[in-house]
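First up is the structure itself, then whatever we jot down about it.
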Amino acid sequence: MADSILTTENVRLYYGDKEALHGFDLDFPEKGITALIGPSGSGKSTYIRAINRMHDLTEGVTVTGNFMFKGNNIYAPTTDTVELRKQIGMVFQQPNPFPFSIYDNVAFGLRIAGKTKKVELDEIVEKSLKQAAIWDEVKDVLHKSALSLSGGQQQRVSIARTLAVSPDILLLDEPTSALDPVSSHKIEETLMNIRNDYTIIIVTHNMSQASRISDRTAFFMDGNLIEVSPTTQLFTDPKEKQTQDYITGRFG
Amino acid sequence: MDQIRESLLKTSIATKRERFGRSITMAALILIAVIVVSIFYFIASKGLSTFFVDKINVWEFLSGKTWNPGTTDAHGKQEVGALPMIVGSFLITVLSAIIATPFAIGTAVFMTEISPKHGARILQPVIELLVGIPSVVYGFIGLTVIVPLQRHIFGGSGFGVLAGTVVLFVMILPTVTSMTVDTLRSVPQYYRESALAIGATRWQAIYKVILRAATPGILTAIVFGMARAFGEALAVQMVVGNAPILPTNLTSPAATLTSILTQGIGNTVMGSMQNDVLWTLALILLFMSLVFNIIIRVIGKKGELK
Ligand SMILES: Nc1ncnc2c1ncn2[C@@H]1O[C@H](COP(=O)(O)OP(=O)(O)OP(=O)(O)O)[C@@H](O)[C@H]1O
Ligand SMILES: [Mg+2]
């Protein structure tokens, strides 16, 4: 694909000697939502953590293959992981705001990037919280600890915190699996809100969630990418038998 | 039917065992409570008789600058001013904590964030070893190394606040460090990950997120170290000079509550005024350790309040 913002080729990843991803290709067009589904242990988290080099933090992990972000090799020795992660942000499964105020959480990424002008910070904080669809709930308590919020609100603050540094790509690893349905729904709204501005890659176990929000769905199994198709097609007329079996609940 | 009823009405073996276990733990608890209360009562009754039996003015005791129990001054008042020791104790405690803190944080950060592998394999056992060294050994080293060093550099006897501070700093450092390490280890991994995931450098993640999240725990570690420093007797006594005079500078000899206490308690007669005033010093120590305890609790509460 010529207009891909992110291409990954022949992705292999080893935890020590154990190969966890077995060499597949996957590309992401600019903007829109791609959902990654698949049974537990199929390598979804392993894969998206490879995209922003989170595995660098773990000893004994080897990544091979070709990861290109906007034409730059993600794994080139010269790549600055700090810069990379500003452009490829990540939200985790557990809502995990820092033990600071809501405002300080969202401003965190800006402050460490050297932005300190209050007007500018105020503006971006507000914009990010609005994008994350939580502004109305927190606008009067911005200086309260983010940990005093509910799990769902915390997760949206975490999303706002990531959006504040305006990454190109937003990686989300099961962002709603620790949340109740109402909060999950709000997160989905949030993502729908920003789908035209960001390239979103979301891991989810919830197939109806994938079908509700994503443009494309990729199905993983046992460290392999089985198929990637437009979401409607994957759920109604999958190319592969394994996909068919999984979405109809025959295993996984 | 009858069988069921019978088995319900009869006390089962398990229930009997539970009762037995419960009474044993209760007995242990009561015993400890009795011991603690009697210690408090004992120290308080002895310590307070300075004021009630020997009729010494509380304020004069706390603010007086000369310590010479048994002799009277020009006004015929007992020379039992405890201020030099109170100041000495606080001064040495605070100074040693101030010096120990950056070292402890630095070492702990190195052990948990920068090089966890070496930290766990080399530094951890070293620190555990240091925690276990008896204080008299620290005091002895202080006496043979620090005191001559102070004498060499600053002149004078070499005994004094500075030597006491250095010895206590070395003594509390392992404790404060290992508690700080525990705190840093308990900072959830996802704080690190999410800081890095939005473009923080490792250093920024450490000082903007991890240390900030760990602040209550680190404060607790420091106060704990101060409590230990405040209560330490032997090592300090060996290097501080035991001169109950208000310290005028860091190299002047001084005394702490504990050093005067250990020095004097064997040389006085139970029930005498000279003995009572020492108990009053003990009462102050007890009171201060309560205060340290309360501070630690308050910080802990604040820390978990989220
Ligand atoms: N740190 C690790 N060390 C060794 N093996 C690992 C590690 N993390 C994951 N694995 C292995 O890699 C494989 C893929 O795991 P991964 O967590 O990526 O799966 P997943 O698709 O995200 O599963 P889930 O849906 O349960 O989150 C699994 O077999 C897992 O056991
Ligand atoms: Mg996962």
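Going through the structure tokens in order, the chains are called A, B, and so on, while each chain numbers its residues from 1 and the ligands are numbered from 1 in the order shown.
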
For range 187-203 of chain B, work out the shell of residues within 7 Å, counting only C-alpha atoms and skipping chain neighbours fewer than 5 positions away, then give it as number ranges by chain. A: 82-83, 85-86, 89-90, 96, 98, 109, 112, 162; B: 209-210, 213-214

I need the residues from that last selection saved to file as a PDB file, in the first residue's frame (with N, CA, C and O atoms), if you can.
ATOM      1  N   VAL A  82      12.351   7.928  22.210  1.00  0.00           N
ATOM      2  CA  VAL A  82      11.539   8.947  22.871  1.00  0.00           C
ATOM      3  C   VAL A  82      10.697   9.704  21.839  1.00  0.00           C
ATOM      4  O   VAL A  82       9.487   9.887  21.996  1.00  0.00           O
ATOM      5  N   GLU A  83      11.349  10.109  20.732  1.00  0.00           N
ATOM      6  CA  GLU A  83      10.624  10.784  19.647  1.00  0.00           C
ATOM      7  C   GLU A  83       9.568   9.858  19.055  1.00  0.00           C
ATOM      8  O   GLU A  83       8.430  10.258  18.795  1.00  0.00           O
ATOM      9  N   ARG A  85       7.955   7.395  20.392  1.00  0.00           N
ATOM     10  CA  ARG A  85       6.791   7.170  21.243  1.00  0.00           C
ATOM     11  C   ARG A  85       5.940   8.412  21.379  1.00  0.00           C
ATOM     12  O   ARG A  85       4.782   8.332  21.798  1.00  0.00           O
ATOM     13  N   LYS A  86       6.505   9.569  21.053  1.00  0.00           N
ATOM     14  CA  LYS A  86       5.658  10.762  21.016  1.00  0.00           C
ATOM     15  C   LYS A  86       4.717  10.678  19.817  1.00  0.00           C
ATOM     16  O   LYS A  86       3.634  11.239  19.820  1.00  0.00           O
ATOM     17  N   GLY A  89       1.669   6.764  20.246  1.00  0.00           N
ATOM     18  CA  GLY A  89       1.317   6.711  21.669  1.00  0.00           C
ATOM     19  C   GLY A  89       0.603   5.423  22.011  1.00  0.00           C
ATOM     20  O   GLY A  89       0.091   4.731  21.138  1.00  0.00           O
ATOM     21  N   MET A  90       0.585   5.115  23.313  1.00  0.00           N
ATOM     22  CA  MET A  90      -0.013   3.847  23.706  1.00  0.00           C
ATOM     23  C   MET A  90      -0.876   4.001  24.950  1.00  0.00           C
ATOM     24  O   MET A  90      -0.529   4.714  25.888  1.00  0.00           O
ATOM     25  N   ASN A  96      -4.496   3.835  33.947  1.00  0.00           N
ATOM     26  CA  ASN A  96      -3.344   4.093  34.804  1.00  0.00           C
ATOM     27  C   ASN A  96      -2.893   5.537  34.800  1.00  0.00           C
ATOM     28  O   ASN A  96      -1.766   5.841  34.471  1.00  0.00           O
ATOM     29  N   PHE A  98      -1.358   8.826  36.344  1.00  0.00           N
ATOM     30  CA  PHE A  98      -0.355   9.007  37.380  1.00  0.00           C
ATOM     31  C   PHE A  98      -1.028   9.567  38.630  1.00  0.00           C
ATOM     32  O   PHE A  98      -2.102  10.165  38.540  1.00  0.00           O
ATOM     33  N   GLY A 109       2.806  14.945  29.192  1.00  0.00           N
ATOM     34  CA  GLY A 109       3.571  14.745  27.972  1.00  0.00           C
ATOM     35  C   GLY A 109       4.052  16.067  27.375  1.00  0.00           C
ATOM     36  O   GLY A 109       5.113  16.135  26.757  1.00  0.00           O
ATOM     37  N   ILE A 112       7.001  17.479  29.673  1.00  0.00           N
ATOM     38  CA  ILE A 112       8.299  16.836  29.480  1.00  0.00           C
ATOM     39  C   ILE A 112       8.850  17.150  28.103  1.00  0.00           C
ATOM     40  O   ILE A 112      10.042  17.031  27.860  1.00  0.00           O
ATOM     41  N   THR A 162      -2.505  10.713  26.381  1.00  0.00           N
ATOM     42  CA  THR A 162      -1.773  10.288  25.195  1.00  0.00           C
ATOM     43  C   THR A 162      -2.069  11.203  24.012  1.00  0.00           C
ATOM     44  O   THR A 162      -1.176  11.549  23.245  1.00  0.00           O
TER      45      THR A 162
ATOM     46  N   VAL B 209       7.758  10.871  37.526  1.00  0.00           N
ATOM     47  CA  VAL B 209       6.643   9.974  37.842  1.00  0.00           C
ATOM     48  C   VAL B 209       6.970   9.064  39.013  1.00  0.00           C
ATOM     49  O   VAL B 209       6.278   9.058  40.025  1.00  0.00           O
ATOM     50  N   ILE B 210       8.062   8.326  38.879  1.00  0.00           N
ATOM     51  CA  ILE B 210       8.316   7.281  39.866  1.00  0.00           C
ATOM     52  C   ILE B 210       8.640   7.875  41.229  1.00  0.00           C
ATOM     53  O   ILE B 210       8.024   7.525  42.234  1.00  0.00           O
ATOM     54  N   ALA B 213       5.553   9.462  42.643  1.00  0.00           N
ATOM     55  CA  ALA B 213       4.598   8.481  43.158  1.00  0.00           C
ATOM     56  C   ALA B 213       5.111   7.864  44.451  1.00  0.00           C
ATOM     57  O   ALA B 213       4.331   7.445  45.302  1.00  0.00           O
ATOM     58  N   ALA B 214       6.422   7.817  44.596  1.00  0.00           N
ATOM     59  CA  ALA B 214       7.007   7.143  45.755  1.00  0.00           C
ATOM     60  C   ALA B 214       7.255   8.094  46.922  1.00  0.00           C
ATOM     61  O   ALA B 214       7.722   7.656  47.973  1.00  0.00           O
TER      62      ALA B 214
END

Name the residues of range 20-193 of chain B that fall into strand (DSSP E) according to DSSP on the backbone, using the chain letters and numbers of this document, as a VMD selection string. chain B and resid 67 to 72 78 to 80

Using only C-alpha atoms and all ligand atoms, what table do you get, as JSON lines, when you list each residue of chain A with an atom no more than 12 Å from ligand 2, its nearest pair of atoms, and their distance in Å rounded to one decimal, rows by chain then rising number?
{"residue": "A:Leu36", "atom": "CA", "partner": "ligand 2", "partner_atom_place_in_ligand_line": "1 (Mg)", "distance": 10.2}
{"residue": "A:Ile37", "atom": "CA", "partner": "ligand 2", "partner_atom_place_in_ligand_line": "1 (Mg)", "distance": 9.9}
{"residue": "A:Gly38", "atom": "CA", "partner": "ligand 2", "partner_atom_place_in_ligand_line": "1 (Mg)", "distance": 9.7}
{"residue": "A:Pro39", "atom": "CA", "partner": "ligand 2", "partner_atom_place_in_ligand_line": "1 (Mg)", "distance": 9.4}
{"residue": "A:Ser40", "atom": "CA", "partner": "ligand 2", "partner_atom_place_in_ligand_line": "1 (Mg)", "distance": 7.0}
{"residue": "A:Gly41", "atom": "CA", "partner": "ligand 2", "partner_atom_place_in_ligand_line": "1 (Mg)", "distance": 7.0}
{"residue": "A:Ser42", "atom": "CA", "partner": "ligand 2", "partner_atom_place_in_ligand_line": "1 (Mg)", "distance": 8.2}
{"residue": "A:Gly43", "atom": "CA", "partner": "ligand 2", "partner_atom_place_in_ligand_line": "1 (Mg)", "distance": 7.0}
{"residue": "A:Lys44", "atom": "CA", "partner": "ligand 2", "partner_atom_place_in_ligand_line": "1 (Mg)", "distance": 5.7}
{"residue": "A:Ser45", "atom": "CA", "partner": "ligand 2", "partner_atom_place_in_ligand_line": "1 (Mg)", "distance": 4.1}
{"residue": "A:Thr46", "atom": "CA", "partner": "ligand 2", "partner_atom_place_in_ligand_line": "1 (Mg)", "distance": 7.1}
{"residue": "A:Tyr47", "atom": "CA", "partner": "ligand 2", "partner_atom_place_in_ligand_line": "1 (Mg)", "distance": 9.2}
{"residue": "A:Ile48", "atom": "CA", "partner": "ligand 2", "partner_atom_place_in_ligand_line": "1 (Mg)", "distance": 9.2}
{"residue": "A:Arg49", "atom": "CA", "partner": "ligand 2", "partner_atom_place_in_ligand_line": "1 (Mg)", "distance": 9.6}
{"residue": "A:Phe92", "atom": "CA", "partner": "ligand 2", "partner_atom_place_in_ligand_line": "1 (Mg)", "distance": 9.6}
{"residue": "A:Gln93", "atom": "CA", "partner": "ligand 2", "partner_atom_place_in_ligand_line": "1 (Mg)", "distance": 8.4}
{"residue": "A:Gln94", "atom": "CA", "partner": "ligand 2", "partner_atom_place_in_ligand_line": "1 (Mg)", "distance": 11.4}
{"residue": "A:Leu172", "atom": "CA", "partner": "ligand 2", "partner_atom_place_in_ligand_line": "1 (Mg)", "distance": 10.3}
{"residue": "A:Asp173", "atom": "CA", "partner": "ligand 2", "partner_atom_place_in_ligand_line": "1 (Mg)", "distance": 6.6}
{"residue": "A:Glu174", "atom": "CA", "partner": "ligand 2", "partner_atom_place_in_ligand_line": "1 (Mg)", "distance": 7.2}
{"residue": "A:Pro175", "atom": "CA", "partner": "ligand 2", "partner_atom_place_in_ligand_line": "1 (Mg)", "distance": 10.5}
{"residue": "A:Ser177", "atom": "CA", "partner": "ligand 2", "partner_atom_place_in_ligand_line": "1 (Mg)", "distance": 10.5}
{"residue": "A:Ile202", "atom": "CA", "partner": "ligand 2", "partner_atom_place_in_ligand_line": "1 (Mg)", "distance": 10.8}
{"residue": "A:Val203", "atom": "CA", "partner": "ligand 2", "partner_atom_place_in_ligand_line": "1 (Mg)", "distance": 7.5}
{"residue": "A:Thr204", "atom": "CA", "partner": "ligand 2", "partner_atom_place_in_ligand_line": "1 (Mg)", "distance": 8.5}
{"residue": "A:His205", "atom": "CA", "partner": "ligand 2", "partner_atom_place_in_ligand_line": "1 (Mg)", "distance": 9.1}
{"residue": "A:Phe220", "atom": "CA", "partner": "ligand 2", "partner_atom_place_in_ligand_line": "1 (Mg)", "distance": 11.4}
{"residue": "A:Gly223", "atom": "CA", "partner": "ligand 2", "partner_atom_place_in_ligand_line": "1 (Mg)", "distance": 11.9}

Taking the chain letters and numbering used in this document, name the residues of range 19-172 of chain B that DSSP puts in alpha helix (DSSP H), as a PyMOL selection string. chain B and resi 19-52+58-63+83-109+116-118+124-132+135-141+147-154+161-172

Looking at B:Val147, B:Ala97, B:Phe230, B:Gln274, which one is nearest to Phe287 in chain B, with distances taken over only C-alpha atoms?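 Residue with the minimum atom-to-atom distance to Phe287 in chain B: B:Phe230.
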
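Considering only C-alpha atoms, the residue among B:Val37, B:Ile299, B:Ile127, B:Leu83 positioned nearest to Ile245 in chain B is B:Leu83.
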
Neighbours of Leu121 in chain A within 10 Å (only C-alpha atoms; same-chain residues fewer than 2 positions away dropped), as a VMD selection string? chain A and resid 103 to 104 106 to 108 110 to 111 115 to 119 123 to 127 164

Output N, CA and C atoms for every residue in the selection just made, as a PDB file, in the first residue's frame.
ATOM      1  N   TYR A 103      -5.323  17.572  35.563  1.00  0.00           N
ATOM      2  CA  TYR A 103      -4.639  18.515  34.699  1.00  0.00           C
ATOM      3  C   TYR A 103      -3.180  18.113  34.489  1.00  0.00           C
ATOM      4  N   ASP A 104      -2.498  17.812  35.589  1.00  0.00           N
ATOM      5  CA  ASP A 104      -1.079  17.453  35.480  1.00  0.00           C
ATOM      6  C   ASP A 104      -0.872  16.177  34.681  1.00  0.00           C
ATOM      7  N   VAL A 106      -2.730  15.178  32.093  1.00  0.00           N
ATOM      8  CA  VAL A 106      -2.873  15.438  30.660  1.00  0.00           C
ATOM      9  C   VAL A 106      -1.723  16.324  30.166  1.00  0.00           C
ATOM     10  N   ALA A 107      -1.259  17.208  31.055  1.00  0.00           N
ATOM     11  CA  ALA A 107      -0.178  18.110  30.646  1.00  0.00           C
ATOM     12  C   ALA A 107       1.180  17.430  30.695  1.00  0.00           C
ATOM     13  N   PHE A 108       1.227  16.234  31.270  1.00  0.00           N
ATOM     14  CA  PHE A 108       2.519  15.579  31.504  1.00  0.00           C
ATOM     15  C   PHE A 108       3.386  15.503  30.252  1.00  0.00           C
ATOM     16  N   LEU A 110       3.242  17.119  27.569  1.00  0.00           N
ATOM     17  CA  LEU A 110       3.619  18.423  27.026  1.00  0.00           C
ATOM     18  C   LEU A 110       4.763  19.016  27.827  1.00  0.00           C
ATOM     19  N   ARG A 111       4.629  18.889  29.148  1.00  0.00           N
ATOM     20  CA  ARG A 111       5.661  19.478  30.015  1.00  0.00           C
ATOM     21  C   ARG A 111       7.002  18.798  29.781  1.00  0.00           C
ATOM     22  N   LYS A 115       7.063  22.149  26.865  1.00  0.00           N
ATOM     23  CA  LYS A 115       6.033  23.191  26.780  1.00  0.00           C
ATOM     24  C   LYS A 115       5.630  23.597  28.184  1.00  0.00           C
ATOM     25  N   THR A 116       5.738  24.875  28.501  1.00  0.00           N
ATOM     26  CA  THR A 116       5.393  25.276  29.858  1.00  0.00           C
ATOM     27  C   THR A 116       4.448  26.467  29.888  1.00  0.00           C
ATOM     28  N   LYS A 117       4.170  27.066  28.719  1.00  0.00           N
ATOM     29  CA  LYS A 117       3.293  28.235  28.733  1.00  0.00           C
ATOM     30  C   LYS A 117       1.887  27.828  29.154  1.00  0.00           C
ATOM     31  N   LYS A 118       1.380  28.518  30.163  1.00  0.00           N
ATOM     32  CA  LYS A 118       0.125  28.092  30.749  1.00  0.00           C
ATOM     33  C   LYS A 118      -1.031  28.155  29.748  1.00  0.00           C
ATOM     34  N   VAL A 119      -1.075  29.215  28.979  1.00  0.00           N
ATOM     35  CA  VAL A 119      -2.163  29.375  28.020  1.00  0.00           C
ATOM     36  C   VAL A 119      -2.197  28.187  27.063  1.00  0.00           C
ATOM     37  N   GLU A 123      -4.999  25.177  26.847  1.00  0.00           N
ATOM     38  CA  GLU A 123      -5.734  24.952  25.610  1.00  0.00           C
ATOM     39  C   GLU A 123      -5.655  23.480  25.182  1.00  0.00           C
ATOM     40  N   ILE A 124      -4.443  22.939  25.226  1.00  0.00           N
ATOM     41  CA  ILE A 124      -4.285  21.555  24.774  1.00  0.00           C
ATOM     42  C   ILE A 124      -4.945  20.576  25.745  1.00  0.00           C
ATOM     43  N   VAL A 125      -4.827  20.880  27.026  1.00  0.00           N
ATOM     44  CA  VAL A 125      -5.476  20.006  28.015  1.00  0.00           C
ATOM     45  C   VAL A 125      -6.976  19.954  27.754  1.00  0.00           C
ATOM     46  N   GLU A 126      -7.554  21.125  27.550  1.00  0.00           N
ATOM     47  CA  GLU A 126      -8.997  21.160  27.304  1.00  0.00           C
ATOM     48  C   GLU A 126      -9.360  20.402  26.031  1.00  0.00           C
ATOM     49  N   LYS A 127      -8.590  20.658  24.991  1.00  0.00           N
ATOM     50  CA  LYS A 127      -8.873  20.022  23.707  1.00  0.00           C
ATOM     51  C   LYS A 127      -8.767  18.489  23.823  1.00  0.00           C
ATOM     52  N   ALA A 164      -2.770  14.287  24.094  1.00  0.00           N
ATOM     53  CA  ALA A 164      -2.231  15.634  24.295  1.00  0.00           C
ATOM     54  C   ALA A 164      -0.919  15.857  23.551  1.00  0.00           C
TER      55      ALA A 164
END

Best match for closeness to chain A among B:Lys117, B:Lys77, B:Lys16, B:Arg297, counting only C-alpha atoms: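 Of B:Lys117, B:Lys77, B:Lys16, B:Arg297, the one nearest chain A is B:Lys117, counting only C-alpha atoms.
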
Just give me the gap between CA of His152 in chain B and CA of Val239 in chain B in Å, one decimal is fine.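 Separation of CA of His152 in chain B and CA of Val239 in chain B: 14.7 Å.
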
Counting only C-alpha atoms and all ligand atoms, the option among A:Ala133, A:Val61, A:Leu26, A:Leu171 closest to ligand 1: A:Val61

Determine the nearest neighbour of chain B from the options A:Leu179, A:Ala35, A:Met68, A:Ile169, counting only C-alpha atoms.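 That would be A:Ile169, the residue with the smallest distance to chain B.
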
With a distance cut-off of 12 Å and only C-alpha atoms, select the neighbouring residues of Asn275 in chain B, excluding the residue or stretch itself and same-chain residues fewer than 3 positions from it, and output the selection as a VMD selection string. chain B and resid 43 46 to 50 54 69 to 70 80 260 to 272 278 to 282

What lies within 12 Å of Asn249 in chain B using only C-alpha atoms, ignoring chain neighbours under 4 positions off, as an MDAnalysis selection string? chainID B and resid 88 91:92 154 156 160:162 245 253:254

Emit the selected residues as a PDB file, in the first residue's frame, including C-alpha atoms.
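Printed below is out.pdb as written:
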ATOM      1  CA  GLY B  88      22.147  17.747  70.354  1.00  0.00           C
ATOM      2  CA  LEU B  91      20.709  18.424  65.462  1.00  0.00           C
ATOM      3  CA  ILE B  92      22.523  15.152  64.899  1.00  0.00           C
ATOM      4  CA  PHE B 154      39.197  20.864  62.175  1.00  0.00           C
ATOM      5  CA  GLY B 156      39.955  20.298  68.736  1.00  0.00           C
ATOM      6  CA  GLY B 160      31.473  16.252  68.474  1.00  0.00           C
ATOM      7  CA  VAL B 161      28.400  16.896  66.411  1.00  0.00           C
ATOM      8  CA  LEU B 162      30.143  16.266  63.121  1.00  0.00           C
ATOM      9  CA  ILE B 245      26.738  22.011  76.492  1.00  0.00           C
ATOM     10  CA  PRO B 253      31.603  18.385  71.522  1.00  0.00           C
ATOM     11  CA  ALA B 254      27.995  17.801  72.388  1.00  0.00           C
TER      12      ALA B 254
END

I'd like the contact shell of Asp182 in chain B - 10 Å cut-off, only C-alpha atoms, skipping same-chain residues fewer than 4 positions apart - returned as a count of residues only. 11

List the neighbours of Met192 in chain A out to 12 Å using only C-alpha atoms; skip same-chain residues closer than 5 positions along the sequence, and give me the result as number ranges by chain. A: 31-34, 131-133, 185-187, 197-200, 209-210, 212-215

Residue nearest chain B - candidates A:Gly152, A:Pro230, A:Pro97, A:Pro181, atoms counted: only C-alpha atoms: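 Residue with the minimum atom-to-atom distance to chain B: A:Pro97.
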
What separation in Å, quoted to one decimal, exists between CA of Ala227 in chain B and CA of Lys65 in chain B?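 Spanning CA of Ala227 in chain B to CA of Lys65 in chain B is a straight-line distance of 24.3 Å.
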
Record the distance separating CA of Pro95 in chain A and CA of Ser158 in chain A, expressed in Å with one decimal. 6.6 Å
